[in-house]
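*Asks:* Provided herewith is a single structure, encoded as structure tokens, for subsequent inquiry.
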Amino acid sequence: MLKVRWYEKCHACPACANEWTDEWTCICNDRCPNCDVESSPVSWEDMSRPLTPEDYEGADRRARSQFANTPGRRDHAITPEEARDYAEARLEGR
């Protein structure tokens, strides 16, 4: 089973002690919204989920429109990785 990666991360700024949460597709550093100092997450929650049929349908529509005028790509089959990338992009607001 392939999952869409998604994490809620908690940060505490080492410079100004500001605390905040953010969500992303990986457990990565973030910049303090108060003073712009880079901070590693102090904790995180794995909110990943299995791919759904809607993820495959959305990825299929996106690929078909993207490759509509590319020879040899019109009948491109959507891979699980492409469906995951599509779902992660949707979660990120792209």
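The chains in the structure tokens are called A, B, ... from first to last as shown; in each chain the residues are counted from 1, and the ligands are counted from 1 in the order shown.
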Skipping near chain neighbours, those fewer than 6 positions away, what residues fall within 7 Å of Ser48 in chain A using only C-alpha atoms, listed as a PDB file with N, CA and C atoms, in the first residue's frame?
*Replies:*
```
ATOM      1  N   LYS A   3       1.344   5.283   0.436  1.00  0.00           N
ATOM      2  CA  LYS A   3       0.702   6.333   1.216  1.00  0.00           C
ATOM      3  C   LYS A   3       1.120   7.714   0.732  1.00  0.00           C
ATOM      4  N   VAL A   4       0.202   8.655   0.909  1.00  0.00           N
ATOM      5  CA  VAL A   4       0.517  10.066   0.731  1.00  0.00           C
ATOM      6  C   VAL A   4       1.201  10.504   2.017  1.00  0.00           C
ATOM      7  N   ARG A   5       2.424  11.003   1.896  1.00  0.00           N
ATOM      8  CA  ARG A   5       3.174  11.432   3.083  1.00  0.00           C
ATOM      9  C   ARG A   5       2.685  12.811   3.520  1.00  0.00           C
ATOM     10  N   TRP A   6       2.424  12.948   4.810  1.00  0.00           N
ATOM     11  CA  TRP A   6       1.975  14.238   5.344  1.00  0.00           C
ATOM     12  C   TRP A   6       2.246  14.261   6.839  1.00  0.00           C
ATOM     13  N   TYR A   7       2.867  15.325   7.320  1.00  0.00           N
ATOM     14  CA  TYR A   7       3.253  15.433   8.726  1.00  0.00           C
ATOM     15  C   TYR A   7       2.838  16.784   9.294  1.00  0.00           C
TER      16      TYR A   7
END
```
*Asks:* Using only C-alpha atoms, determine which residues lie at most 8 Å from range 23-36 of chain A, disregarding the query and same-chain residues fewer than 6 positions distant; provide the list as a PDB file with C-alpha atoms, in the first residue's frame.
*Replies:*
```pdb
ATOM      1  CA  ARG A   5       3.174  11.432   3.083  1.00  0.00           C
ATOM      2  CA  TRP A   6       1.975  14.238   5.344  1.00  0.00           C
ATOM      3  CA  TYR A   7       3.253  15.433   8.726  1.00  0.00           C
ATOM      4  CA  GLU A   8       2.163  18.008  11.278  1.00  0.00           C
ATOM      5  CA  LYS A   9       5.321  19.435  12.860  1.00  0.00           C
ATOM      6  CA  HIS A  11       8.563  23.945  16.306  1.00  0.00           C
ATOM      7  CA  CYS A  13      12.365  28.862  18.024  1.00  0.00           C
ATOM      8  CA  ALA A  15      16.190  32.447  19.436  1.00  0.00           C
ATOM      9  CA  CYS A  16      12.864  33.974  20.527  1.00  0.00           C
ATOM     10  CA  TRP A  44       5.699  15.674  14.742  1.00  0.00           C
ATOM     11  CA  GLU A  88       0.848  15.619  -1.987  1.00  0.00           C
ATOM     12  CA  GLU A  92       0.332  21.559  -0.311  1.00  0.00           C
TER      13      GLU A  92
END
```
*Asks:* May I ask which of the residues A:Pro14, A:Gly58, A:Pro80, A:Pro41 is the closest one to Met1 in chain A, counting only C-alpha atoms?
*Replies:*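 Once distances to Met1 in chain A are computed over only C-alpha atoms, the minimum belongs to A:Pro80.
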*Asks:* For Arg90 in chain A, which residue out of A:Met47, A:Val37, A:Ala59, A:Leu2 is the nearest one, using only C-alpha atoms?
*Replies:* A:Ala59
*Asks:* Name the residues in contact with Tyr86 in chain A at a cut-off of 9 Å, using only C-alpha atoms, excluding same-chain residues fewer than 3 positions from it; report them as a PyMOL selection string.
*Replies:* chain A and resi 55-56+58-59+62+81-83+89-91+94
*Asks:* Please return, as a list in words, all residues of chain A that DSSP assigns to helix (DSSP H, G or I) on the basis of the backbone.
*Replies:*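 Helix (DSSP H, G or I) assignments inside chain A correspond to Pro53, Glu54, Asp55, Tyr56, Glu57, Gly58, Ala59, Asp60, Arg61, Arg62, Ala63, Arg64, Ser65, Gln66, Pro80, Glu81, Glu82, Ala83, Arg84, Asp85, Tyr86, Ala87, Glu88, Ala89, Arg90 and Leu91 of chain A.
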*Asks:* DSSP on the backbone: what in range 20-62 of chain A comes out strand (DSSP E), as an MDAnalysis selection string?
*Replies:* chainID A and resid 20:24 30:31 38:39 41:46 49:50
*Asks:* Go ahead and save the residues from that selection, with N, CA and C atoms, as a JSON list (two decimals), in the first residue's frame.
*Replies:*
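Below is the file that was written, part12.json:
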```
[["chain", "number", "residue", "atom", "x", "y", "z"],
["A", 20, "TRP", "N", 5.18, 27.26, 17.04],
["A", 20, "TRP", "CA", 4.21, 27.18, 15.96],
["A", 20, "TRP", "C", 4.16, 25.76, 15.41],
["A", 21, "THR", "N", 3.13, 25.49, 14.62],
["A", 21, "THR", "CA", 3.02, 24.20, 13.93],
["A", 21, "THR", "C", 2.90, 24.48, 12.44],
["A", 22, "ASP", "N", 3.35, 23.53, 11.66],
["A", 22, "ASP", "CA", 3.13, 23.58, 10.22],
["A", 22, "ASP", "C", 2.95, 22.16, 9.72],
["A", 23, "GLU", "N", 2.48, 22.03, 8.50],
["A", 23, "GLU", "CA", 2.28, 20.73, 7.87],
["A", 23, "GLU", "C", 3.05, 20.69, 6.57],
["A", 24, "TRP", "N", 3.63, 19.51, 6.31],
["A", 24, "TRP", "CA", 4.42, 19.36, 5.08],
["A", 24, "TRP", "C", 4.54, 17.89, 4.75],
["A", 30, "ASP", "N", 11.96, 24.50, 9.51],
["A", 30, "ASP", "CA", 11.11, 25.61, 9.11],
["A", 30, "ASP", "C", 11.73, 26.89, 9.67],
["A", 31, "ARG", "N", 11.28, 28.02, 9.20],
["A", 31, "ARG", "CA", 11.77, 29.31, 9.69],
["A", 31, "ARG", "C", 10.73, 29.92, 10.62],
["A", 38, "GLU", "N", 16.04, 29.60, 11.53],
["A", 38, "GLU", "CA", 15.70, 28.23, 11.16],
["A", 38, "GLU", "C", 15.61, 27.35, 12.40],
["A", 39, "SER", "N", 14.62, 26.46, 12.39],
["A", 39, "SER", "CA", 14.37, 25.61, 13.54],
["A", 39, "SER", "C", 14.04, 24.20, 13.08],
["A", 41, "PRO", "N", 12.09, 20.61, 13.85],
["A", 41, "PRO", "CA", 10.87, 20.27, 14.60],
["A", 41, "PRO", "C", 11.23, 19.64, 15.94],
["A", 42, "VAL", "N", 10.46, 19.99, 16.97],
["A", 42, "VAL", "CA", 10.67, 19.38, 18.29],
["A", 42, "VAL", "C", 9.80, 18.12, 18.42],
["A", 43, "SER", "N", 8.74, 18.04, 17.64],
["A", 43, "SER", "CA", 7.91, 16.84, 17.58],
["A", 43, "SER", "C", 7.10, 16.87, 16.29],
["A", 44, "TRP", "N", 6.53, 15.74, 15.94],
["A", 44, "TRP", "CA", 5.70, 15.67, 14.74],
["A", 44, "TRP", "C", 4.72, 14.52, 14.86],
["A", 45, "GLU", "N", 3.66, 14.63, 14.06],
["A", 45, "GLU", "CA", 2.65, 13.59, 13.98],
["A", 45, "GLU", "C", 2.54, 13.15, 12.53],
["A", 46, "ASP", "N", 2.62, 11.85, 12.32],
["A", 46, "ASP", "CA", 2.48, 11.30, 10.98],
["A", 46, "ASP", "C", 1.00, 11.28, 10.63],
["A", 49, "ARG", "N", -1.66, 9.09, 4.71],
["A", 49, "ARG", "CA", -2.86, 8.31, 4.45],
["A", 49, "ARG", "C", -2.69, 7.49, 3.19],
["A", 50, "PRO", "N", -3.44, 6.39, 3.05],
["A", 50, "PRO", "CA", -3.37, 5.59, 1.83],
["A", 50, "PRO", "C", -3.89, 6.39, 0.63]]
```
*Asks:* State, in Å with one decimal place, the distance from CA of Ala12 in chain A to CA of Ser40 in chain A.
*Replies:*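 These two atoms are separated by 8.1 Å.
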